[in-house]
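File shown: protein38.pdb (PDB, C-alpha atoms).
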MODEL        1
ATOM      1  CA  MET A   1      -8.355  17.577 -37.484
ATOM      2  CA  SER A   2      -6.451  16.238 -34.475
ATOM      3  CA  ARG A   3      -8.214  14.535 -31.578
ATOM      4  CA  ARG A   4      -7.080  17.357 -29.269
ATOM      5  CA  LEU A   5      -8.633  19.998 -31.569
ATOM      6  CA  VAL A   6     -11.856  18.009 -31.805
ATOM      7  CA  LEU A   7     -11.950  17.799 -28.015
ATOM      8  CA  SER A   8     -11.358  21.545 -27.630
ATOM      9  CA  ALA A   9     -14.154  22.319 -30.054
ATOM     10  CA  PHE A  10     -16.470  19.936 -28.229
ATOM     11  CA  VAL A  11     -15.776  21.504 -24.844
ATOM     12  CA  GLY A  12     -16.150  25.006 -26.230
ATOM     13  CA  GLY A  13     -19.520  24.171 -27.712
ATOM     14  CA  ILE A  14     -20.829  22.841 -24.427
ATOM     15  CA  LEU A  15     -19.623  25.847 -22.464
ATOM     16  CA  ALA A  16     -21.378  28.189 -24.863
ATOM     17  CA  GLY A  17     -24.738  26.682 -23.997
ATOM     18  CA  ALA A  18     -24.131  26.053 -20.325
ATOM     19  CA  ALA A  19     -25.867  29.190 -19.057
ATOM     20  CA  GLY A  20     -29.296  27.879 -19.975
ATOM     21  CA  TRP A  21     -29.000  24.542 -18.183
ATOM     22  CA  LEU A  22     -30.811  23.648 -14.990
ATOM     23  CA  LEU A  23     -28.742  24.483 -11.911
ATOM     24  CA  TRP A  24     -28.169  21.538  -9.577
ATOM     25  CA  PRO A  25     -26.951  21.814  -5.985
ATOM     26  CA  ALA A  26     -23.169  21.988  -5.907
ATOM     27  CA  PRO A  27     -21.316  18.967  -4.484
ATOM     28  CA  LYS A  28     -20.375  19.287  -0.849
ATOM     29  CA  GLN A  29     -16.723  20.102  -0.297
ATOM     30  CA  GLN A  30     -14.757  17.044   0.732
ATOM     31  CA  GLU A  31     -13.497  16.974   4.298
ATOM     32  CA  ARG A  32     -10.288  15.119   3.460
ATOM     33  CA  THR A  33      -7.491  16.859   1.653
ATOM     34  CA  ALA A  34      -5.884  15.649  -1.567
ATOM     35  CA  ALA A  35      -2.735  14.712   0.360
ATOM     36  CA  GLU A  36      -4.682  12.655   2.898
ATOM     37  CA  LEU A  37      -6.528  10.714   0.226
ATOM     38  CA  MET A  38      -3.369  10.123  -1.796
ATOM     39  CA  ASP A  39      -1.645   8.797   1.309
ATOM     40  CA  ILE A  40      -4.489   6.322   1.840
ATOM     41  CA  VAL A  41      -4.268   5.041  -1.735
ATOM     42  CA  MET A  42      -0.482   4.894  -1.898
ATOM     43  CA  TRP A  43      -0.057   2.982   1.357
ATOM     44  CA  GLY A  44      -3.282   0.994   1.400
ATOM     45  CA  ARG A  45      -4.333   2.441   4.741
ATOM     46  CA  GLU A  46      -8.033   1.836   4.032
ATOM     47  CA  PRO A  47     -10.018  -0.441   1.698
ATOM     48  CA  ILE A  48     -10.367   0.952  -1.814
ATOM     49  CA  GLY A  49     -13.218   0.309  -4.222
ATOM     50  CA  GLY A  50     -16.511  -1.446  -3.765
ATOM     51  CA  PRO A  51     -20.060  -1.564  -5.113
ATOM     52  CA  PHE A  52     -21.497   1.309  -7.133
ATOM     53  CA  ALA A  53     -24.769   2.105  -8.877
ATOM     54  CA  LEU A  54     -24.579   4.694 -11.665
ATOM     55  CA  ILE A  55     -26.042   5.620 -15.066
ATOM     56  CA  ASP A  56     -24.099   5.028 -18.280
ATOM     57  CA  HIS A  57     -23.838   7.329 -21.280
ATOM     58  CA  ASN A  58     -26.854   5.633 -22.866
ATOM     59  CA  GLY A  59     -29.009   6.322 -19.813
ATOM     60  CA  LYS A  60     -28.868   2.706 -18.658
ATOM     61  CA  PRO A  61     -28.464   1.867 -14.941
ATOM     62  CA  ARG A  62     -25.139   0.158 -14.291
ATOM     63  CA  THR A  63     -23.619  -1.453 -11.226
ATOM     64  CA  ASP A  64     -20.166  -2.829 -10.563
ATOM     65  CA  ALA A  65     -21.598  -6.355 -10.868
ATOM     66  CA  ASP A  66     -22.274  -5.749 -14.569
ATOM     67  CA  PHE A  67     -18.538  -5.841 -15.240
ATOM     68  CA  ARG A  68     -17.543  -9.018 -13.419
ATOM     69  CA  GLY A  69     -15.210 -11.160 -15.479
ATOM     70  CA  ASN A  70     -13.436  -8.117 -16.941
ATOM     71  CA  ILE A  71     -10.476  -6.148 -15.709
ATOM     72  CA  LEU A  72     -11.577  -2.570 -15.148
ATOM     73  CA  LEU A  73      -9.593   0.593 -15.770
ATOM     74  CA  ILE A  74     -11.513   3.281 -13.882
ATOM     75  CA  TYR A  75     -10.787   6.963 -14.360
ATOM     76  CA  PHE A  76     -12.467   9.861 -12.549
ATOM     77  CA  GLY A  77     -12.643  13.256 -14.218
ATOM     78  CA  PHE A  78     -14.977  15.641 -15.994
ATOM     79  CA  VAL A  79     -15.908  16.460 -19.578
ATOM     80  CA  TYR A  80     -14.597  20.035 -19.482
ATOM     81  CA  CYS A  81     -11.099  18.992 -18.455
ATOM     82  CA  VAL A  82      -8.760  19.873 -21.312
ATOM     83  CA  ASP A  83      -5.451  18.730 -19.869
ATOM     84  CA  ILE A  84      -4.812  15.590 -17.833
ATOM     85  CA  CYS A  85      -8.121  13.812 -18.489
ATOM     86  CA  PRO A  86      -7.716  13.653 -22.290
ATOM     87  CA  THR A  87      -4.070  12.618 -21.946
ATOM     88  CA  ASP A  88      -4.826   9.720 -19.598
ATOM     89  CA  LEU A  89      -7.923   8.604 -21.506
ATOM     90  CA  GLN A  90      -5.882   8.486 -24.702
ATOM     91  CA  ALA A  91      -3.277   6.354 -22.915
ATOM     92  CA  ILE A  92      -6.002   3.974 -21.699
ATOM     93  CA  ALA A  93      -7.367   3.708 -25.230
ATOM     94  CA  GLY A  94      -3.867   3.055 -26.573
ATOM     95  CA  ALA A  95      -3.266   0.290 -24.037
ATOM     96  CA  ILE A  96      -6.479  -1.499 -24.985
ATOM     97  CA  ASP A  97      -5.597  -1.309 -28.668
ATOM     98  CA  LYS A  98      -2.052  -2.561 -28.035
ATOM     99  CA  LEU A  99      -3.431  -5.589 -26.188
ATOM    100  CA  GLY A 100      -5.205  -6.704 -29.360
ATOM    101  CA  PRO A 101      -7.795  -9.460 -28.842
ATOM    102  CA  MET A 102      -6.792  -9.713 -25.177
ATOM    103  CA  GLY A 103      -8.053  -6.177 -24.747
ATOM    104  CA  GLU A 104     -11.635  -7.392 -25.099
ATOM    105  CA  ALA A 105     -11.415  -8.482 -21.461
ATOM    106  CA  VAL A 106     -10.519  -4.951 -20.349
ATOM    107  CA  GLN A 107     -13.359  -2.536 -19.687
ATOM    108  CA  PRO A 108     -12.465   1.163 -19.390
ATOM    109  CA  LEU A 109     -14.812   3.359 -17.341
ATOM    110  CA  PHE A 110     -14.904   7.143 -17.118
ATOM    111  CA  ILE A 111     -16.786   8.342 -14.011
ATOM    112  CA  THR A 112     -17.593  12.033 -13.840
ATOM    113  CA  VAL A 113     -17.034  14.135 -10.731
ATOM    114  CA  ASN A 114     -19.312  16.812 -12.233
ATOM    115  CA  PRO A 115     -22.745  15.176 -12.497
ATOM    116  CA  GLU A 116     -24.596  18.485 -12.617
ATOM    117  CA  MET A 117     -23.235  19.139 -16.114
ATOM    118  CA  ASP A 118     -21.944  15.794 -17.378
ATOM    119  CA  THR A 119     -25.262  14.324 -18.472
ATOM    120  CA  PRO A 120     -25.480  10.975 -20.286
ATOM    121  CA  ASP A 121     -25.750  12.792 -23.620
ATOM    122  CA  GLN A 122     -22.628  14.862 -22.932
ATOM    123  CA  LEU A 123     -20.728  11.786 -21.799
ATOM    124  CA  LYS A 124     -21.801   9.835 -24.879
ATOM    125  CA  THR A 125     -20.239  12.404 -27.178
ATOM    126  CA  TYR A 126     -17.156  12.765 -25.001
ATOM    127  CA  VAL A 127     -16.202   9.109 -24.557
ATOM    128  CA  ALA A 128     -16.596   8.508 -28.302
ATOM    129  CA  LEU A 129     -13.585  10.785 -28.816
ATOM    130  CA  PHE A 130     -11.305   8.253 -27.152
ATOM    131  CA  HIS A 131     -12.382   4.647 -27.630
ATOM    132  CA  PRO A 132     -15.548   2.834 -28.782
ATOM    133  CA  ARG A 133     -15.493   0.624 -25.672
ATOM    134  CA  LEU A 134     -15.069   3.427 -23.153
ATOM    135  CA  ILE A 135     -18.190   3.748 -20.980
ATOM    136  CA  GLY A 136     -19.083   7.064 -19.381
ATOM    137  CA  LEU A 137     -20.850   6.943 -16.020
ATOM    138  CA  THR A 138     -22.748   9.588 -14.077
ATOM    139  CA  GLY A 139     -25.475   9.717 -11.445
ATOM    140  CA  ASN A 140     -26.958  11.942  -8.797
ATOM    141  CA  HIS A 141     -24.716  13.676  -6.286
ATOM    142  CA  ARG A 142     -25.210  10.969  -3.672
ATOM    143  CA  GLN A 143     -24.181   8.239  -6.115
ATOM    144  CA  ILE A 144     -21.095  10.166  -7.206
ATOM    145  CA  HIS A 145     -20.218  10.914  -3.589
ATOM    146  CA  ASP A 146     -20.479   7.226  -2.722
ATOM    147  CA  VAL A 147     -18.269   5.991  -5.562
ATOM    148  CA  THR A 148     -15.627   8.710  -5.147
ATOM    149  CA  SER A 149     -15.530   8.046  -1.417
ATOM    150  CA  ALA A 150     -15.096   4.320  -2.040
ATOM    151  CA  TYR A 151     -12.138   4.953  -4.358
ATOM    152  CA  LYS A 152     -10.684   7.759  -2.212
ATOM    153  CA  VAL A 153     -10.919  10.267  -5.060
ATOM    154  CA  TYR A 154     -10.227  13.920  -4.311
ATOM    155  CA  PHE A 155     -12.154  16.572  -6.241
ATOM    156  CA  ALA A 156     -13.119  20.166  -5.528
ATOM    157  CA  LYS A 157     -14.847  22.746  -7.671
ATOM    158  CA  THR A 158     -12.524  25.696  -8.152
ATOM    159  CA  SER A 159     -14.940  28.152  -9.772
ATOM    160  CA  PRO A 160     -18.304  27.608  -8.039
ATOM    161  CA  ALA A 161     -19.627  31.063  -8.849
ATOM    162  CA  ARG A 162     -18.996  30.812 -12.595
ATOM    163  CA  ARG A 163     -21.525  28.411 -14.062
ATOM    164  CA  ALA A 164     -20.247  28.850 -17.617
ATOM    165  CA  ASP A 165     -16.638  28.149 -16.645
ATOM    166  CA  PRO A 166     -16.595  25.001 -14.520
ATOM    167  CA  ASN A 167     -13.329  23.553 -13.357
ATOM    168  CA  PHE A 168     -12.285  20.957 -10.812
ATOM    169  CA  ASP A 169      -9.126  20.041  -9.034
ATOM    170  CA  HIS A 170      -9.159  16.262  -8.901
ATOM    171  CA  SER A 171      -6.912  13.290  -8.384
ATOM    172  CA  ALA A 172      -6.048  11.592 -11.648
ATOM    173  CA  LEU A 173      -5.267   7.964 -10.904
ATOM    174  CA  ILE A 174      -6.230   5.080 -13.158
ATOM    175  CA  TYR A 175      -7.664   2.433 -10.837
ATOM    176  CA  VAL A 176      -7.237  -1.222 -11.782
ATOM    177  CA  VAL A 177      -9.950  -3.604 -10.583
ATOM    178  CA  ASP A 178      -9.656  -7.332 -11.175
ATOM    179  CA  ALA A 179     -12.227  -9.676 -12.696
ATOM    180  CA  ASP A 180     -13.691 -10.412  -9.261
ATOM    181  CA  GLY A 181     -14.341  -6.735  -8.565
ATOM    182  CA  LYS A 182     -11.417  -6.258  -6.191
ATOM    183  CA  PHE A 183      -9.038  -3.308  -6.302
ATOM    184  CA  PHE A 184      -5.677  -4.423  -7.656
ATOM    185  CA  GLY A 185      -3.648  -1.234  -7.926
ATOM    186  CA  TYR A 186      -3.390   2.029  -9.804
ATOM    187  CA  PHE A 187      -1.437   3.842 -12.481
ATOM    188  CA  PRO A 188      -0.299   7.406 -11.703
ATOM    189  CA  PRO A 189      -1.145  10.321 -14.013
ATOM    190  CA  GLY A 190       0.787  10.298 -17.258
ATOM    191  CA  THR A 191       1.422   6.539 -17.305
ATOM    192  CA  PRO A 192       2.140   5.541 -20.920
ATOM    193  CA  ALA A 193       0.104   2.885 -22.693
ATOM    194  CA  ASP A 194       3.062   0.498 -22.918
ATOM    195  CA  ARG A 195       3.470   0.460 -19.146
ATOM    196  CA  MET A 196      -0.214  -0.338 -18.682
ATOM    197  CA  VAL A 197       0.107  -3.197 -21.138
ATOM    198  CA  ASP A 198       3.088  -4.648 -19.268
ATOM    199  CA  VAL A 199       1.098  -4.734 -16.025
ATOM    200  CA  ILE A 200      -2.259  -5.847 -17.404
ATOM    201  CA  ARG A 201      -1.169  -8.541 -19.863
ATOM    202  CA  PRO A 202      -0.110 -11.110 -17.190
ATOM    203  CA  LYS A 203      -3.436 -10.669 -15.393
ATOM    204  CA  LEU A 204      -5.296 -11.209 -18.656
ATOM    205  CA  ALA A 205      -3.275 -14.341 -19.344
ATOM    206  CA  ALA A 206      -4.150 -15.701 -15.895
ATOM    207  CA  LEU A 207      -7.801 -14.785 -16.434
ATOM    208  CA  ALA A 208      -7.861 -16.692 -19.716
ATOM    209  CA  GLN A 209      -6.645 -19.854 -17.965
ATOM    210  CA  ARG A 210      -9.509 -19.974 -15.474
TER     211      ARG A 210
ENDMDL
END
Transcribe the structure of this file into structure tokens.
Amino acid sequence: MSRRLVLSAFVGGILAGAAGWLLWPAPKQQERTAAELMDIVMWGREPIGGPFALIDHNGKPRTDADFRGNILLIYFGFVYCVDICPTDLQAIAGAIDKLGPMGEAVQPLFITVNPEMDTPDQLKTYVALFHPRLIGLTGNHRQIHDVTSAYKVYFAKTSPARRADPNFDHSALIYVVDADGKFFGYFPPGTPADRMVDVIRPKLAALAQR
């Protein structure tokens, strides 16, 4: 069975049982538009990135400081996404594999924008579909608001009245953070694994010479 079919089956199974879950307050609609936030990221009009405190897919508290010394590839999305999220996560996984042993210094992170449904258990199953080193991160709505605000991530729930059919519009950039925790740049949606490798490999080589 293909990875895409496995993913579709996984999402379908979760949606079938969604009606019985505890309802959490919906995230507050963002005041900035997608275009405004993209403009900030593209032109560096405001600082991007910063500290975060979240929960990983094993239920363990994690902060940005836990990943110092590694280059981070951070992706924001949600488990029920069946289009761009799987495509970009597969590309991230492919880039890490193509880097070989150097890829051990790259830590991929998947941060949900849908914490009310993307529990640690759901994330644990989801990230395993892509790469064994991919870490899923969630938290309460305040924590998710803080980290998405820091990275200038746009997201908006498009079907708030349909609990069993969640969907989000969201920006789909792959953020690159260096070994010191500073934002380095981003890859746009659909960036192939080979392009990521070309950009990341020189930074890994410099990191190895420290």
Expansion of the PyMOL selection byres ((chain A and resi 177) around 10) into residues, as an MDAnalysis selection string: chainID A and resid 48:50 68 70:74 106:107 174:176 178:186
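Going from atom CA of Arg210 of chain A to atom CA of Pro108 of chain A covers 21.7 Å.
Coordinates place atom CA of Phe168 of chain A at a distance of 5.4 Å from atom CA of Ala156 of chain A.
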message: Taking (-22.3, 10.7, -4.4) in the coordinates of the supplied file, I want to know which residues reach to within 12 Å of it, counting all atoms listed in the file; could you give the answer as a VMD selection string?
response: chain A and resid 26 to 30 52 to 54 111 to 116 138 to 151 153 155
Counting all atoms listed in the file, the option among A:Leu129, A:Ala206, A:Leu134, A:Leu37 closest to Met102 of chain A: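 With all atoms listed in the file as the atom set, the closest residue is A:Ala206.
With all atoms listed in the file as the basis for measurement, A:Lys98 is the residue among A:His170, A:Lys152, A:Lys157, A:Lys98 that approaches Met196 of chain A most closely.
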query: For the atom pair atom CA of His57 of chain A and atom CA of Ala128 of chain A, what is the interatomic distance in Å to one decimal place?
result: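 Between these atoms lies a distance of 10.2 Å.
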How big is the axis-aligned box around the listed atoms of segment 69-78 of chain A once 5 Å is added on each side, and where is its centre? Give both in Å to one decimal, as JSON.
{"center_x": -12.4, "center_y": 2.2, "center_z": -14.7, "size_x": 15.6, "size_y": 36.8, "size_z": 14.4}
statement: Of A:Val79, A:Arg32, A:Arg201, A:Met42, the one sitting nearest Thr125 of chain A when using only C-alpha atoms is A:Val79
- request: Could you check which of A:Asp39, A:Asp64, A:Glu46, A:Asp83 is closest to Asp169 of chain A, using only C-alpha atoms?
  value: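 Distance minimum relative to Asp169 of chain A lands on A:Asp83.
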field: Pick from A:Gly44, A:Pro101, A:Pro61, A:Pro51 nearest to Gly136 of chain A, counting only C-alpha atoms
entry: A:Pro61
message: Using the chain letters and numbers from this file, what does the PyMOL selection byres ((chain A and resi 92) around 8) select? Give the answer as a VMD selection string.
response: chain A and resid 73 88 to 91 93 to 96 108 193 196
message: Restricting the calculation to all atoms listed in the file: of A:Gly69, A:Pro132, A:Pro86, A:Pro192, which residue gets closest to Ala208 of chain A?
response: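 Between A:Gly69, A:Pro132, A:Pro86, A:Pro192, the residue approaching Ala208 of chain A most closely is A:Gly69.
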Some atoms are absent from segment 142-155 of chain A, so rebuild N, CA, C and O atoms and return them as a CSV table (one decimal), keeping the file's coordinate frame.
chain,number,residue,atom,x,y,z
A,142,ARG,N,-25.4,12.0,-4.7
A,142,ARG,CA,-25.2,11.0,-3.7
A,142,ARG,C,-24.5,9.8,-4.3
A,142,ARG,O,-23.5,9.3,-3.7
A,143,GLN,N,-24.8,9.4,-5.5
A,143,GLN,CA,-24.2,8.2,-6.1
A,143,GLN,C,-22.7,8.6,-6.4
A,143,GLN,O,-21.8,7.7,-6.2
A,144,ILE,N,-22.5,9.8,-6.9
A,144,ILE,CA,-21.1,10.2,-7.2
A,144,ILE,C,-20.3,10.3,-5.9
A,144,ILE,O,-19.1,9.9,-5.9
A,145,HIS,N,-20.9,10.8,-4.9
A,145,HIS,CA,-20.2,10.9,-3.6
A,145,HIS,C,-19.8,9.5,-3.1
A,145,HIS,O,-18.7,9.3,-2.6
A,146,ASP,N,-20.7,8.6,-3.2
A,146,ASP,CA,-20.5,7.2,-2.7
A,146,ASP,C,-19.3,6.6,-3.5
A,146,ASP,O,-18.4,5.9,-2.8
A,147,VAL,N,-19.3,6.7,-4.8
A,147,VAL,CA,-18.3,6.0,-5.6
A,147,VAL,C,-16.9,6.7,-5.4
A,147,VAL,O,-15.9,6.0,-5.3
A,148,THR,N,-16.9,8.0,-5.4
A,148,THR,CA,-15.6,8.7,-5.1
A,148,THR,C,-15.1,8.5,-3.7
A,148,THR,O,-13.9,8.4,-3.6
A,149,SER,N,-16.0,8.4,-2.8
A,149,SER,CA,-15.5,8.0,-1.4
A,149,SER,C,-14.9,6.6,-1.4
A,149,SER,O,-13.9,6.4,-0.7
A,150,ALA,N,-15.6,5.7,-2.0
A,150,ALA,CA,-15.1,4.3,-2.0
A,150,ALA,C,-13.7,4.2,-2.6
A,150,ALA,O,-12.9,3.4,-2.2
A,151,TYR,N,-13.4,5.0,-3.7
A,151,TYR,CA,-12.1,5.0,-4.4
A,151,TYR,C,-11.2,6.0,-3.9
A,151,TYR,O,-10.1,6.2,-4.4
A,152,LYS,N,-11.6,6.7,-2.8
A,152,LYS,CA,-10.7,7.8,-2.2
A,152,LYS,C,-10.2,8.8,-3.2
A,152,LYS,O,-9.0,9.1,-3.4
A,153,VAL,N,-11.2,9.3,-4.0
A,153,VAL,CA,-10.9,10.3,-5.1
A,153,VAL,C,-11.1,11.7,-4.5
A,153,VAL,O,-12.1,12.0,-3.9
A,154,TYR,N,-10.1,12.5,-4.7
A,154,TYR,CA,-10.2,13.9,-4.3
A,154,TYR,C,-10.8,14.7,-5.5
A,154,TYR,O,-10.3,14.6,-6.6
A,155,PHE,N,-11.7,15.6,-5.2
A,155,PHE,CA,-12.2,16.6,-6.2
A,155,PHE,C,-12.8,17.8,-5.5
A,155,PHE,O,-13.4,17.6,-4.5
